[in-house]
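Below is one structure, written out as structure tokens; comments come after it.
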Amino acid sequence: MISRLTARSGGPPGEPRLIGYLYVAPALIAFLFFGIWPFIQTIGISLTEWRGIGEAEPVGLGNYVAVLTDPDLYSAFVRSFVLIFFYSLLPITIGLLLAALLSRVRIRGIAGYRVALFLPQTIAMVVIAIAWVWIYSQNGIVNEFLRLVGLDGLTRAWLGDFDWALPAIGLVGTWLNAGLCMVLFVAGVQKIPADLYDAARVDGAGPVKEFFAVTLPSLRNEMVVALTLTVIFALRNFDLIWVSTGGGPGDATTTPSVLLYELGFQARRLGTGSAIGVILTGLILVVAILIVRIGERGEPEPGR
Amino acid sequence: MTTRTSRAPGRRFTALASSAMLVAALGATAAAPVTAQDGVVTDGWGDLGDVTIRIAAENASVDSLTTLTEAFMAEYPNVTIETEFKDWDTHIATMLNVADLPDAPDIIWGNQGYVHDGLLVEAGLITSLEPYFEAYGWDEWHGPGAMDQWRFTEDGTFGEGPRWGISESAEIVGVFYNKEKLAGLGLEVPTTFAEFEEALAAAAEAGELPIKLGNLDGWPAMHVLSIAQGAFVDADNMRAWVFGQEGADYAASDNLAGVQAFERWVQNGWISPDANGLGYDQGWQEFTQGDGVFLPTGNWMTADLRDRMGDNVGFFAPPPGESGKVVATAANSMPLHSSSKSENPDLAAAIIDYVLSPDKGQVYFDAGRIPAAAGSVGEATDALTVETFAGWNRIAEDDGLTFFQDWASDTMYDTMTSGLQELIGGRISAEDHVNEVQADWAEFHANR
């Protein structure tokens with residue numbers, strides 16, 4: 001039996017051996033059981049009216065109709081897209097600059113800086129949220145700094161301000177993700193062949209030209225990874241927002257995942273919550289596929 | 001055959017309990033527990049043989065419940081009581097599913113409102129305690145209005161139908177104040193709403209922050225608002241609204257007047273200007289450090305404030321408006337329910353009776369809580385709890401409990417919290433707020 005599994009006599013050459021499936025089985029089973037099955041269940045629940053116990057009443061697509069005609073959901077998605085700017089575009093820009101800097105300039109104790117910049121990634125999100133609540137409070141560091149430089153007029157309780165709460169949370173995401181992007185890009189820079197840089201310099205490229213001609217194009221794959229990770233993070237982020245503002249003030253930081261929690265778990269409208277979850281998952285899938293597709297397009301063929 | 005109950009000597013025996021004893025005296029099977037009307041057994045636990053009762057409780061009950069269940073087990077060595085305590089969030093999140101288990105605990109801490117007790121009733125997971133109210137005389141422990149919070153009809157109408165639970169302790173929202181600051185303003189503790197507003201104005205005049213509010217979490221504003229509402233609304237009307245009775249209206253003029261008073265406090269700068277950006281915990285901590293004259297919140301803060309401020313903190317119930325009655329956001333703690341899956345519902349009810357009876361009052365005071373049963377024996381060991389207890393007694397006397405308003409619908413918590421943040425931020429008016437809340441209420445009851 002074992003020999004039959006491991007033998008590669010049968011089948012065309014290059015086809016994976018059956019034993020391969022055995023290797024991936026544990027992960028596959030766990031993924032099906034904890035990833036796919038709950039998602040199928042969620043789709044099932046989203047087609048019902050259910051309080052979490054007792055009978056679920058089938059309502060067809062009723063929850064989707066209700067959710068998709070609710071202006072609250074659209075404003076929640078708009079906030080998610082604002083967060084993409086802060087969670088994704090800004091950190092990638094900062095990460096690129098840091099990577100370009102760290103790879104070019106010799107800085108003493110560079111490892112220490114790299115660790116410091118990456119550190120936020122290693123802290124539990126709840127801790128981060130609580131810390132930033134303090135930083136943004138009326139007597140927090142941000143306002144202390146503004147007072148120090150004479151900008152007393154700008155001080156405010158940032159997370160309690162209807163206009164500033166969302167950008168304030170967004171900047172926490174920027175701080176959080178910049179380190180991740182930097183680590184990805186620094187690793188990417190290190191595998192760029194040195195002769196590319198030499199060639200650029202021989203051609204008379206300065207640091208800026210060198211960055212756009214050599215560094216940036218070579219980091220395409222890393223950028224796709226960074227963009228995918230951070231955009232998904234922005235779209236589904238819950239813990240940071242929930243712990244810091246709970247979606248407030250008013251609805252100023254209510255994103256789809258906050259709405260999902262409020263309706264699905266607090267109000268125990270599990271059907272409605274599940275419908276939001278399915279829509280959110282669908283959107284994330286589409287966005288992720290788009291990013292990867294766009295990233296692949298125009299990529300130089302290997303060996304060319 | 002023993003007919004002595006575990007309850008305190010001198011405790012009023014109901015007619016039913018007496019008739020139970022009579023049946024026993026007439027020589028019903030000696031070893032069998034005594035059976036009263038409705039098939040309810042109220043005695044004879046020592047003769048049951050080894051029996052285990054399991055309890056799913058919330059952390060606030062740890063001290064009192066542990067003491068009392070141990071005392072019960074000492075009295076009936078054949079009875080084992082196993083209690084599992086969980087923190088509030090975990091308990092609330094898991095309660096329904098725990099109650100739904102085939103081997104659900106016999107006694108379960110619930111929570112008032114549609115999404116907790118309402119669903120427990122609807123799914124048939126708990127039994128009515130009506131027979132035990134009669135058998136043990138629990139009616140004597142609570143005012144009629146207060147007991148409505150344990151009522152649900154089988155089809156989900158809140159505040160009507162049988163009583164499914166009964167609670168340990170009292171929760172009231174009132175006003176904590178900084179004694180030195182109030183004295184510094186040359187003011188006495190306000191006894192009417194008008195005096196309270198005068199005190200707020202005087203504090204602002206003197207450059208003090210009148211009302212400390214940390215409302216980043218959203219819910220604390222509901223409690224500050226309730227102080228203003230209490231001066232204008234009739235407790236019956238507010239309860240009718242919480243229970244969803246037809247015709248009840250949050251936008252009615254009396255309640256609107258309360259919300260407008262709150263709006264005025266905001267506009268006058270009498271409430272922390274950074275309220276929406278200040279966490280509840282940070283807010284009360286700053287109050288203990290001398291920021292703010294008044295801190296309107298619930299008596300759950302008693303121990304923390306006393307520990308940090310010592311004698312410098314006092315408490316008063318919401319000062320009455322023109323009605324002269326104290327009307328407050330006050331309710332009983334999480335109700336104790338008897339599981340419909342319990343094999344020993346009578347014993348479970350006997351334990352509930354034992355744990356809640358007025359002669360156990362001191363156990364609750366020692367745990368820093370206010371026992372809910374009228375005539376509870378014992379006294380608070382610190383001045384602040386004496387004041388909160390006095391406040392509770394006054395509210396109970398005036399039957400002025402209005403419960404927690406977010407019980408009114410499944411989404412009411414979010415509607416009220418975000419609405420009040422917008423009111424504080426000046427985004428909406430008092431009229432907008434009451435209309436939004438009423439719209440949520442109307443939609444919920446139209447679809448129910």
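Letters for chains follow the order of the structure tokens (A, B, ...), residue numbers begin at 1 for each chain, and ligand numbers begin at 1 in the order shown.
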
Exercise. Counting only C-alpha atoms, which residues from chain A have an atom at most 8 Å from any atom of chain B, and could you show them as a ChimeraX atom specification?
Worked result: /A:51,53-54,133,137-138,156-162,245-246,248-251,262-263,266-268

How about saving the chosen residues, N, CA and C atoms kept, as a PDB file, in the first residue's frame?
```pdb
ATOM      1  N   ARG A  51     -31.674  33.859  15.710  1.00  0.00           N
ATOM      2  CA  ARG A  51     -31.212  34.542  16.916  1.00  0.00           C
ATOM      3  C   ARG A  51     -30.067  33.818  17.607  1.00  0.00           C
ATOM      4  N   ILE A  53     -30.193  30.710  18.776  1.00  0.00           N
ATOM      5  CA  ILE A  53     -30.754  29.464  19.295  1.00  0.00           C
ATOM      6  C   ILE A  53     -32.155  29.317  18.722  1.00  0.00           C
ATOM      7  N   GLY A  54     -32.671  28.115  18.826  1.00  0.00           N
ATOM      8  CA  GLY A  54     -34.017  27.870  18.322  1.00  0.00           C
ATOM      9  C   GLY A  54     -34.026  27.752  16.804  1.00  0.00           C
ATOM     10  N   VAL A 133      -5.494  55.134  22.511  1.00  0.00           N
ATOM     11  CA  VAL A 133      -6.572  55.902  23.149  1.00  0.00           C
ATOM     12  C   VAL A 133      -5.953  56.937  24.090  1.00  0.00           C
ATOM     13  N   SER A 137      -5.808  61.146  23.687  1.00  0.00           N
ATOM     14  CA  SER A 137      -6.753  61.777  24.610  1.00  0.00           C
ATOM     15  C   SER A 137      -6.390  63.246  24.837  1.00  0.00           C
ATOM     16  N   GLN A 138      -7.290  63.955  25.499  1.00  0.00           N
ATOM     17  CA  GLN A 138      -7.130  65.396  25.709  1.00  0.00           C
ATOM     18  C   GLN A 138      -5.769  65.755  26.308  1.00  0.00           C
ATOM     19  N   ARG A 156      -7.389  68.692  20.659  1.00  0.00           N
ATOM     20  CA  ARG A 156      -8.754  68.177  20.786  1.00  0.00           C
ATOM     21  C   ARG A 156      -8.655  66.741  21.258  1.00  0.00           C
ATOM     22  N   ALA A 157      -9.794  66.186  21.707  1.00  0.00           N
ATOM     23  CA  ALA A 157      -9.838  64.754  21.986  1.00  0.00           C
ATOM     24  C   ALA A 157     -10.041  64.069  20.635  1.00  0.00           C
ATOM     25  N   TRP A 158      -8.959  63.621  20.055  1.00  0.00           N
ATOM     26  CA  TRP A 158      -8.961  63.233  18.643  1.00  0.00           C
ATOM     27  C   TRP A 158      -9.979  62.151  18.320  1.00  0.00           C
ATOM     28  N   LEU A 159     -10.061  61.136  19.193  1.00  0.00           N
ATOM     29  CA  LEU A 159     -10.966  60.022  18.888  1.00  0.00           C
ATOM     30  C   LEU A 159     -12.424  60.395  19.145  1.00  0.00           C
ATOM     31  N   GLY A 160     -12.656  61.543  19.811  1.00  0.00           N
ATOM     32  CA  GLY A 160     -14.022  61.972  20.063  1.00  0.00           C
ATOM     33  C   GLY A 160     -14.482  63.010  19.058  1.00  0.00           C
ATOM     34  N   ASP A 161     -13.613  63.329  18.088  1.00  0.00           N
ATOM     35  CA  ASP A 161     -13.919  64.364  17.107  1.00  0.00           C
ATOM     36  C   ASP A 161     -14.500  63.723  15.848  1.00  0.00           C
ATOM     37  N   PHE A 162     -15.665  64.199  15.432  1.00  0.00           N
ATOM     38  CA  PHE A 162     -16.351  63.551  14.309  1.00  0.00           C
ATOM     39  C   PHE A 162     -15.529  63.576  13.023  1.00  0.00           C
ATOM     40  N   THR A 245     -12.616  53.030  19.582  1.00  0.00           N
ATOM     41  CA  THR A 245     -13.766  53.941  19.504  1.00  0.00           C
ATOM     42  C   THR A 245     -15.115  53.236  19.526  1.00  0.00           C
ATOM     43  N   GLY A 246     -15.131  51.930  19.341  1.00  0.00           N
ATOM     44  CA  GLY A 246     -16.403  51.214  19.264  1.00  0.00           C
ATOM     45  C   GLY A 246     -17.249  51.666  18.076  1.00  0.00           C
ATOM     46  N   GLY A 248     -17.538  54.805  17.156  1.00  0.00           N
ATOM     47  CA  GLY A 248     -17.977  56.181  17.380  1.00  0.00           C
ATOM     48  C   GLY A 248     -16.892  57.181  17.065  1.00  0.00           C
ATOM     49  N   PRO A 249     -17.091  58.440  17.366  1.00  0.00           N
ATOM     50  CA  PRO A 249     -18.331  59.019  17.910  1.00  0.00           C
ATOM     51  C   PRO A 249     -19.453  58.967  16.883  1.00  0.00           C
ATOM     52  N   GLY A 250     -20.678  58.783  17.342  1.00  0.00           N
ATOM     53  CA  GLY A 250     -21.767  58.545  16.405  1.00  0.00           C
ATOM     54  C   GLY A 250     -21.434  57.302  15.603  1.00  0.00           C
ATOM     55  N   ASP A 251     -21.395  57.447  14.272  1.00  0.00           N
ATOM     56  CA  ASP A 251     -20.988  56.330  13.416  1.00  0.00           C
ATOM     57  C   ASP A 251     -19.685  56.655  12.703  1.00  0.00           C
ATOM     58  N   GLU A 262     -22.114  44.658  15.613  1.00  0.00           N
ATOM     59  CA  GLU A 262     -23.253  45.268  16.307  1.00  0.00           C
ATOM     60  C   GLU A 262     -24.546  44.534  15.995  1.00  0.00           C
ATOM     61  N   LEU A 263     -24.753  44.232  14.709  1.00  0.00           N
ATOM     62  CA  LEU A 263     -26.010  43.592  14.327  1.00  0.00           C
ATOM     63  C   LEU A 263     -25.991  42.089  14.620  1.00  0.00           C
ATOM     64  N   GLN A 266     -24.301  41.802  19.000  1.00  0.00           N
ATOM     65  CA  GLN A 266     -24.955  42.554  20.069  1.00  0.00           C
ATOM     66  C   GLN A 266     -26.473  42.468  19.953  1.00  0.00           C
ATOM     67  N   ALA A 267     -26.981  42.660  18.746  1.00  0.00           N
ATOM     68  CA  ALA A 267     -28.432  42.607  18.561  1.00  0.00           C
ATOM     69  C   ALA A 267     -28.887  41.178  18.248  1.00  0.00           C
ATOM     70  N   ARG A 268     -27.940  40.272  18.109  1.00  0.00           N
ATOM     71  CA  ARG A 268     -28.212  38.869  17.802  1.00  0.00           C
ATOM     72  C   ARG A 268     -29.093  38.691  16.570  1.00  0.00           C
TER      73      ARG A 268
END
```

For this session: Assign secondary structure with DSSP using the backbone only, and return the residues of stretch 303-354 of chain B in alpha helix (DSSP H) as a list of chain:residue names.
Result: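 Alpha helix (DSSP H) members of stretch 303-354 of chain B, listed: B:Ala303, B:Asp304, B:Leu305, B:Arg306, B:Asp307, B:Arg308, B:Met309, B:Pro345, B:Asp346, B:Leu347, B:Ala348, B:Ala349, B:Ala350, B:Ile351, B:Ile352, B:Asp353, B:Tyr354.
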
For this session: Excluding B:Leu213 and any residue of its chain fewer than 4 positions from it, enumerate the residues within 8 Å of it, using only C-alpha atoms, and give them as an MDAnalysis selection string.
Result: chainID B and resid 220:221 224 271:272 275 278 280 283:284 295:296

Those same residues, written as a PDB file, in the first residue's frame with C-alpha atoms?
```
ATOM      1  CA  PRO B 220     -21.948  56.381  30.034  1.00  0.00           C
ATOM      2  CA  ALA B 221     -23.887  59.295  28.483  1.00  0.00           C
ATOM      3  CA  VAL B 224     -25.835  61.142  32.751  1.00  0.00           C
ATOM      4  CA  ILE B 271     -20.195  68.419  30.709  1.00  0.00           C
ATOM      5  CA  SER B 272     -16.570  67.467  29.979  1.00  0.00           C
ATOM      6  CA  ALA B 275     -16.419  63.593  26.689  1.00  0.00           C
ATOM      7  CA  LEU B 278     -12.405  60.217  26.941  1.00  0.00           C
ATOM      8  CA  TYR B 280     -15.057  55.803  30.950  1.00  0.00           C
ATOM      9  CA  GLY B 283     -12.865  59.695  33.121  1.00  0.00           C
ATOM     10  CA  TRP B 284     -13.672  58.474  36.603  1.00  0.00           C
ATOM     11  CA  LEU B 295     -19.815  62.185  38.430  1.00  0.00           C
ATOM     12  CA  PRO B 296     -23.217  60.754  37.493  1.00  0.00           C
TER      13      PRO B 296
END
```

For this session: List the neighbours of stretch 143-152 of chain B out to 6 Å using only C-alpha atoms; skip same-chain residues closer than 2 positions along the sequence, and give me the result as a PyMOL selection string.
Result: chain B and resi 156-165

Problem set entry | Test item: residues at most 10 Å from A:Ala275, only C-alpha atoms, excluding those fewer than 6 positions along its chain, as a ChimeraX atom specification | /A:42-48,61-68,260,264,281

Export, as an mmCIF file, in the first residue's frame, the selected residues with C-alpha atoms.
```cif
data_model
loop_
_atom_site.group_PDB
_atom_site.id
_atom_site.type_symbol
_atom_site.label_atom_id
_atom_site.label_comp_id
_atom_site.auth_asym_id
_atom_site.auth_seq_id
_atom_site.Cartn_x
_atom_site.Cartn_y
_atom_site.Cartn_z
ATOM 1 C CA THR A 42 -22.224 31.571 7.317
ATOM 2 C CA ILE A 43 -23.734 31.591 3.849
ATOM 3 C CA GLY A 44 -26.459 29.261 5.149
ATOM 4 C CA ILE A 45 -27.187 31.488 8.151
ATOM 5 C CA SER A 46 -27.237 34.589 5.944
ATOM 6 C CA LEU A 47 -30.288 33.137 4.178
ATOM 7 C CA THR A 48 -32.251 32.927 7.422
ATOM 8 C CA LEU A 61 -32.105 36.746 -0.011
ATOM 9 C CA GLY A 62 -34.092 38.992 2.347
ATOM 10 C CA ASN A 63 -31.092 39.843 4.487
ATOM 11 C CA TYR A 64 -29.024 40.791 1.440
ATOM 12 C CA VAL A 65 -31.796 43.020 0.152
ATOM 13 C CA ALA A 66 -32.125 44.659 3.579
ATOM 14 C CA VAL A 67 -28.395 45.167 3.973
ATOM 15 C CA LEU A 68 -27.733 46.363 0.432
ATOM 16 C CA LEU A 260 -21.419 43.152 11.462
ATOM 17 C CA GLY A 264 -24.824 39.991 14.408
ATOM 18 C CA THR A 281 -15.621 38.420 2.172
#
```

For this session: Would you list the contacts of A:Pro256 as JSON, numbers by chain, taking every protein, DNA or RNA residue within 7 Å and counting only C-alpha atoms, but skipping same-chain residues closer than 6 positions in sequence?
Result: {"A": [73, 76, 77]}

Exercise. So, counting only C-alpha atoms, which residue among A:Thr69, A:Thr155, A:Ser75, A:Gln121 is closest to A:Met182?
Worked result: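 Looking at the shortest contact to A:Met182, the residue is A:Gln121.
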
For this session: Find the residues near stretch 92-105 of chain A: any atom within 10 Å, counting only C-alpha atoms, skip ones fewer than 5 places away on the same chain, and give them as a PyMOL selection string.
Result: chain A and resi 85-87+110-111+113-114+117+174-175+177-190+207-208+210-211+215-216+219+223+226-227+230

Selected residues written out, N, CA and C atoms, as a short mmCIF file (atom, residue, chain, number, x, y, z; two decimals), in the first residue's frame:
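Once written, selection18.cif looks like this:
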```cif
data_model
loop_
_atom_site.label_atom_id
_atom_site.label_comp_id
_atom_site.auth_asym_id
_atom_site.auth_seq_id
_atom_site.Cartn_x
_atom_site.Cartn_y
_atom_site.Cartn_z
N PHE A 85 -6.38 54.03 2.30
CA PHE A 85 -5.34 55.04 2.11
C PHE A 85 -4.35 55.02 3.29
N PHE A 86 -4.91 54.99 4.51
CA PHE A 86 -4.04 55.07 5.69
C PHE A 86 -3.36 53.74 6.03
N TYR A 87 -4.06 52.63 5.81
CA TYR A 87 -3.53 51.33 6.21
C TYR A 87 -2.60 50.77 5.14
N ILE A 110 21.80 49.95 12.76
CA ILE A 110 20.65 49.87 11.85
C ILE A 110 19.68 48.76 12.26
N ALA A 111 20.24 47.66 12.78
CA ALA A 111 19.37 46.54 13.17
C ALA A 111 18.38 46.99 14.24
N TYR A 113 17.12 50.01 14.66
CA TYR A 113 16.04 50.79 14.05
C TYR A 113 15.03 49.89 13.37
N ARG A 114 15.57 48.88 12.67
CA ARG A 114 14.68 47.98 11.95
C ARG A 114 13.74 47.27 12.93
N LEU A 117 11.10 49.67 14.17
CA LEU A 117 10.05 49.96 13.20
C LEU A 117 9.11 48.78 13.01
N THR A 174 -1.30 53.16 9.84
CA THR A 174 -0.09 53.54 9.11
C THR A 174 1.15 53.16 9.91
N TRP A 175 1.13 53.56 11.18
CA TRP A 175 2.25 53.27 12.09
C TRP A 175 2.47 51.76 12.19
N ASN A 177 1.55 49.35 9.96
CA ASN A 177 1.89 48.64 8.74
C ASN A 177 3.18 49.11 8.08
N ALA A 178 3.64 50.32 8.43
CA ALA A 178 4.85 50.83 7.79
C ALA A 178 6.03 49.89 8.06
N GLY A 179 6.12 49.39 9.28
CA GLY A 179 7.21 48.49 9.63
C GLY A 179 7.17 47.20 8.83
N LEU A 180 5.96 46.67 8.68
CA LEU A 180 5.79 45.44 7.90
C LEU A 180 6.25 45.65 6.47
N CYS A 181 5.79 46.77 5.86
CA CYS A 181 6.16 47.05 4.48
C CYS A 181 7.68 47.24 4.36
N MET A 182 8.26 47.95 5.34
CA MET A 182 9.70 48.19 5.30
C MET A 182 10.47 46.87 5.31
N VAL A 183 10.10 45.95 6.20
CA VAL A 183 10.80 44.67 6.29
C VAL A 183 10.70 43.91 4.97
N LEU A 184 9.50 43.91 4.39
CA LEU A 184 9.32 43.24 3.10
C LEU A 184 10.22 43.86 2.04
N PHE A 185 10.26 45.19 2.00
CA PHE A 185 11.01 45.87 0.94
C PHE A 185 12.52 45.77 1.17
N VAL A 186 12.95 45.85 2.42
CA VAL A 186 14.39 45.73 2.69
C VAL A 186 14.88 44.36 2.24
N ALA A 187 14.07 43.32 2.54
CA ALA A 187 14.43 41.98 2.09
C ALA A 187 14.50 41.93 0.57
N GLY A 188 13.53 42.62 -0.06
CA GLY A 188 13.50 42.63 -1.52
C GLY A 188 14.70 43.34 -2.11
N VAL A 189 15.08 44.44 -1.51
CA VAL A 189 16.20 45.23 -2.01
C VAL A 189 17.49 44.41 -1.98
N GLN A 190 17.60 43.58 -0.91
CA GLN A 190 18.85 42.84 -0.75
C GLN A 190 19.08 41.82 -1.85
N PRO A 207 20.56 59.26 -6.77
CA PRO A 207 19.78 58.42 -5.86
C PRO A 207 18.31 58.32 -6.27
N VAL A 208 17.73 59.45 -6.72
CA VAL A 208 16.30 59.44 -7.05
C VAL A 208 16.06 58.61 -8.30
N GLU A 210 17.93 56.36 -9.50
CA GLU A 210 18.27 54.97 -9.18
C GLU A 210 17.09 54.27 -8.52
N PHE A 211 16.41 55.01 -7.62
CA PHE A 211 15.27 54.44 -6.91
C PHE A 211 14.16 54.07 -7.89
N THR A 215 15.32 50.20 -8.01
CA THR A 215 14.72 49.68 -6.79
C THR A 215 13.23 49.39 -6.97
N LEU A 216 12.50 50.40 -7.42
CA LEU A 216 11.05 50.27 -7.49
C LEU A 216 10.61 49.13 -8.41
N LEU A 219 10.98 45.66 -6.96
CA LEU A 219 10.20 45.33 -5.76
C LEU A 219 8.74 45.02 -6.08
N MET A 223 5.71 44.47 -3.50
CA MET A 223 4.62 45.44 -3.42
C MET A 223 3.27 44.76 -3.52
N ALA A 226 2.65 43.28 -0.14
CA ALA A 226 2.34 44.31 0.85
C ALA A 226 0.95 44.89 0.62
N LEU A 227 0.63 45.13 -0.65
CA LEU A 227 -0.66 45.71 -0.98
C LEU A 227 -1.79 44.75 -0.60
N THR A 230 -2.11 44.52 3.32
CA THR A 230 -2.59 45.72 4.01
C THR A 230 -4.01 46.09 3.58
#
```

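Of all the residues in stretch 239-402 of chain B, the ones DSSP labels as strand (DSSP E or B) from the backbone are Ile271, Phe294, Leu295, Pro296, Thr297, Gly298, Val313, Gly314, Phe315, Phe316, Ala328, Ala330, Ala331, Asn332, Leu336, His337, Ser338, Ser339, Pro371 and Leu401 of chain B.
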
Exercise. Can you tell me how far atom CA of B:Ala390 sits from atom CA of B:Leu182, in Å to one decimal?
Worked result: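 For atom CA of B:Ala390 relative to atom CA of B:Leu182, the distance reads 20.1 Å.
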
For this session: Work out how far apart atom CA of B:Ala303 and atom CA of B:Asp382 are and give it in Å to one decimal.
Result: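 Going from atom CA of B:Ala303 over to atom CA of B:Asp382, I get 9.7 Å.
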